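Peer 1: Supplied in structure tokens, the structure appears directly below.
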Amino acid sequence: MNQYEFFLCSSLEKVFPDKRPTALVKDSFMAAIGDTFSFQLVYQLTNADNSCRFEYFDISLQTEAGESTFRDVELVPAQYLATEKRDRFYLSTTPGLFPDLLLPSKGRIRPMADQYRSLWITLPLQDCKSGTYSLTLNASKVVVDPDTNEEKQIANTFWRKTLHLTVLDQKLPALKLFHTEWFHVDCLCNYYHVQAWSEEHWQIVHNYIRFAAKECAINLLLTPIFTPPLDTSIGGERTTVQLVSISKKEDSYTFDFSKFRRWCAVCKEEGITSLEFAHFFTQWGAKKTPKILVEEDGKEKQLFGWHVAATDPAYRNFLEAFVPALLKEAQEAGFDRTHLFFHISDEPNDSNMDSYLAAKNQIADLLEGYQIMDALSSYEFYKKGCVQIPIPANDHIELFKENVRPLWTYYCIAQGNLVPNRFLALPSARNRIMGVLCYLYEISGFLHWGYNFYNDENSRNAINPFTTTDGNKAFPAGDPFLVYPGKDGQPLSSLRNEVQKEAFFDLRYLCMLESRIGREKVIELVKSEQNCSFTFTDYPRAPEYLLQLREKVLDRLIETSLDEKLLRIL
């Protein structure tokens, strides 16, 4: 006879088929309005006979707290899991299958023999009223006749579990931190086989922008005014996705910003509050110009690109016409200078300082008073005044933290030793701890290069992200993209994205509590009973710390609320 096991675990568990995850012990939880409550239902078939192929379970969640969603946690392949410079805290560095892809589910599952699998359960609390709610999770057994394909429910309540969720009469504040995940619209053309800026492409782009804002806590979006010169081999090129149409007659330029206006309207509609523009010079040294197509004498040609030096006077002539026009259009679209960010070139270093400065001098005066930022991990480079807003990697941030404001950070391929990151092979707690560290370091912005990079290294070829999670062994698996490309142009979430959202919820909770009790007391609460320095390399690594910290913060929020009510009575 078939025997089954069901139990719950937290969102910080990565459920592998061959390892039993830590089960939830608690059955009572708290949250504020605006939060999202997530957990996992773990299941397996422990003893099987041949009939197990025809036995399913329908999962339901009964609650008055709101509409829940179910997603199957699917395994994805990973070959390249970490760089040579790594620590001992990885879940595994052996190629294999890792839980990450979240596929929408109606709640029907089929347990498999001796495999732990999980169902990701989410309860959004954005519109929930305060109060205490019961969440009753039920598994009904269904048998399918192999001859007729008819279904028969034979156990209405095969397994049942009830949780209790108290929603506070308090609403989380908005995320103040700028959050950008670089949006690669050309990868959508390649994957879905659509022409750039066709109506099909626009709809897909719109879907991905909506998902970025609503499901990824992204509020700053990389905008391809011309095809971004990122991750492109020298002499190579990426699919053209230039938003601005450009015409040239003799030495004069005219611009058609109609597609850019549509882009801005979509961003405004979906809640993107700020724009960052494609880099004005090539990556890793700023030596050349981006690919820019221009119509001249009735023909479209590539006027700028790898064949044109960054310091070419012709490019300066173009920038003198283009930049003021762009700034005017952005202003009219509702994005003022406090919500616009510009890039010179990505990841400059001491060896190419001269070329970076030469490129910067081509455009700096045209962007005076605007925010210019670049990923930069050389403090000496910053000290010489080369970059207005440096974005150091989180393994280089210590040199910047005291004297740089606003303070941003990022992580990517190389940040795999001790510091937080979200590779497939890292524990989820190492992803979520970023929220706490961003609070302690007063981080103003977080950048990551891969919202949906579906190419291999240097964009030589497109890849299938469902089978290739490491850019053809170029990046630690999970680094190139946060979302997967789903059917009908709809993005699919990842376990890593859901956990990262929880990190930003942690940050919002800490900011909320700070408004009640002050920053010093919040920091004391964060660090209490922990034997670590709370730097980006030395922080609590156990998932229990994050779960318990959230409880402590909620307890203090309840206390302060009661104190306020008592004061009003008195």
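Ligands are numbered from 1 in the order shown, residues from 1 within each chain, and chains are lettered A, B, ... in the order they appear in the structure tokens.
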If you run DSSP over the backbone, which residues in region 176-284 of chain A end up helix (DSSP H, G or I)? Put them as a ChimeraX atom specification.
Peer 2: /A:185-192,199-215,258-270
Peer 1: Report as a CSV table (one decimal) with N, CA, C and O atoms, in the first residue's frame all protein, DNA and RNA residues lying within 7 Å of Pro476 (chain A), evaluated on only C-alpha atoms, omitting residues in the same chain fewer than 4 positions from it.
Peer 2:
chain,number,residue,atom,x,y,z
A,80,TYR,N,27.9,24.7,-13.6
A,80,TYR,CA,29.0,25.6,-13.0
A,80,TYR,C,28.4,26.3,-11.8
A,80,TYR,O,27.5,27.2,-12.0
A,81,LEU,N,28.8,26.0,-10.6
A,81,LEU,CA,28.1,26.4,-9.4
A,81,LEU,C,28.8,27.5,-8.6
A,81,LEU,O,28.2,28.2,-7.8
A,82,ALA,N,30.1,27.6,-8.8
A,82,ALA,CA,30.9,28.6,-8.0
A,82,ALA,C,32.3,28.8,-8.6
A,82,ALA,O,32.8,27.9,-9.3
A,83,THR,N,32.8,30.0,-8.4
A,83,THR,CA,34.2,30.2,-8.9
A,83,THR,C,35.2,29.5,-8.0
A,83,THR,O,34.8,29.0,-6.9
A,413,ILE,N,29.0,37.8,-10.3
A,413,ILE,CA,29.8,36.6,-10.6
A,413,ILE,C,30.8,36.3,-9.5
A,413,ILE,O,31.0,35.2,-9.0
A,423,PHE,N,23.2,32.8,-5.8
A,423,PHE,CA,23.5,31.6,-6.7
A,423,PHE,C,22.6,30.4,-6.3
A,423,PHE,O,22.2,30.3,-5.1
A,470,ASP,N,23.8,28.8,-16.3
A,470,ASP,CA,25.1,29.4,-16.0
A,470,ASP,C,25.7,30.1,-17.2
A,470,ASP,O,26.9,30.3,-17.2
Peer 1: Which polymer residues have any atom within 7 Å of an atom of Leu24 (chain A), counting only C-alpha atoms, with same-chain residues fewer than 3 positions away left out, as a ChimeraX atom specification?
Peer 2: /A:8-10
Peer 1: Can you write out as JSON lines which residues of region 374-464 of chain A fall within 8 Å of region 494-504 of chain A, alongside each residue's closest atom pair and its distance in Å to one decimal, counting only C-alpha atoms and ordering rows by chain and ascending residue number?
Peer 2:
{"residue": "A:Arg422", "atom": "CA", "partner": "A:Arg496", "partner_atom": "CA", "distance": 6.3}
{"residue": "A:Leu424", "atom": "CA", "partner": "A:Arg496", "partner_atom": "CA", "distance": 7.8}
{"residue": "A:Ser428", "atom": "CA", "partner": "A:Val499", "partner_atom": "CA", "distance": 6.7}
{"residue": "A:Asn431", "atom": "CA", "partner": "A:Gln500", "partner_atom": "CA", "distance": 6.2}
{"residue": "A:Arg432", "atom": "CA", "partner": "A:Ala503", "partner_atom": "CA", "distance": 4.4}
{"residue": "A:Ile433", "atom": "CA", "partner": "A:Ala503", "partner_atom": "CA", "distance": 6.4}
{"residue": "A:Met434", "atom": "CA", "partner": "A:Ala503", "partner_atom": "CA", "distance": 6.1}
{"residue": "A:Gly435", "atom": "CA", "partner": "A:Ala503", "partner_atom": "CA", "distance": 4.3}
{"residue": "A:Val436", "atom": "CA", "partner": "A:Ala503", "partner_atom": "CA", "distance": 7.3}
Peer 1: Output C-alpha atoms of each residue in that selection to a file, as a CSV table (one decimal), in the first residue's frame.
Peer 2:
chain,number,residue,atom,x,y,z
A,422,ARG,CA,21.8,34.4,-4.7
A,424,LEU,CA,21.5,28.4,-7.0
A,428,SER,CA,18.5,31.0,0.9
A,431,ASN,CA,20.2,35.7,-0.1
A,432,ARG,CA,17.8,37.1,2.5
A,433,ILE,CA,20.4,38.5,4.9
A,434,MET,CA,21.0,41.3,2.4
A,435,GLY,CA,17.9,43.1,3.8
A,436,VAL,CA,19.4,43.3,7.3
Peer 1: So that I can check the surroundings of Pro104 (chain A), please list as a PyMOL selection string every protein, DNA and RNA residue that reaches within 8 Å of it, counting only C-alpha atoms and ignoring chain neighbours fewer than 5 positions away.
Peer 2: chain A and resi 69-72
Peer 1: With DSSP run on the backbone, what are the strand (DSSP E or B) residues within region 65-222 of chain A? I'd like them as a ChimeraX atom specification.
Peer 2: /A:69-78,96-105,108-109,113,117-124,131-144,151-171,178-181,220-222
Peer 1: Which is closest to Ser92 (chain A) among A:Leu426, A:Leu340, A:Ala213, A:Met1, if we use only C-alpha atoms?
Peer 2: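 Using only C-alpha atoms, the shortest distance to Ser92 (chain A) belongs to A:Leu426.
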Peer 1: Using only C-alpha atoms, which residue out of A:Glu296, A:Glu215, A:Asp231, A:Asp251 lies closest to Ala314 (chain A)?
Peer 2: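 Closest candidate: A:Asp251.
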Peer 1: Residues near Pro392 (chain A), anyone? I mean within 7 Å using only C-alpha atoms, not counting same-chain ones fewer than 2 positions away, as a PyMOL selection string.
Peer 2: chain A and resi 375-377+390+394+396-397+408-410
Peer 1: Show me, as a ChimeraX atom specification, the residues that have an atom within 10 Å of region 355-365 of chain A when counting only C-alpha atoms, minus same-chain residues fewer than 6 positions from it.
Peer 2: /A:280-289,309-313,315-317,319-320,323,343-346,348-349,372,385-387
Peer 1: When distances are computed from only C-alpha atoms, which of A:Lys26, A:Arg516, A:Lys291, A:Arg110 shows the smallest separation from Gly305 (chain A)?
Peer 2: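 The shortest atom-to-atom distance to Gly305 (chain A) comes from A:Lys291.
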Peer 1: Kindly indicate which residue among A:Pro290, A:Pro77, A:Gly416, A:Gly271 lies nearest to Ile234 (chain A), using only C-alpha atoms for the distances.
Peer 2: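 For Ile234 (chain A), the nearest of the candidates is A:Pro290.
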Peer 1: Go ahead and compute the interatomic distance for CA of Val419 (chain A) and CA of Thr535 (chain A), in Å to one decimal.
Peer 2: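 Taking CA of Val419 (chain A) and CA of Thr535 (chain A), their separation equals 8.8 Å.
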Peer 1: Tell me, in Å to one decimal, how far CA of Ser68 (chain A) is from CA of Phe29 (chain A).
Peer 2: 16.1 Å
Peer 1: Using only C-alpha atoms, which residue out of A:Leu188, A:Leu168, A:Ala48, A:Met30 lies closest to Asp488 (chain A)?
Peer 2: A:Leu188
Peer 1: Near Glu181 (chain A), counting only C-alpha atoms, which residues have an atom at most 8 Å away, once you skip same-chain residues fewer than 4 positions from it, shown as a ChimeraX atom specification?
Peer 2: /A:218,220-222,447-451
Peer 1: For each of A:Ala174, A:Leu293, A:Leu243, A:Ala212, take the minimum atom-to-atom distance to Ala278 (chain A), counting only C-alpha atoms, then give the residue where this is smallest.
Peer 2: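 For Ala278 (chain A), the nearest of the candidates is A:Leu243.
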Peer 1: Could you tell me how far CA of Cys532 (chain A) sits from CA of Lys401 (chain A), in Å to one decimal place?
Peer 2: 18.3 Å
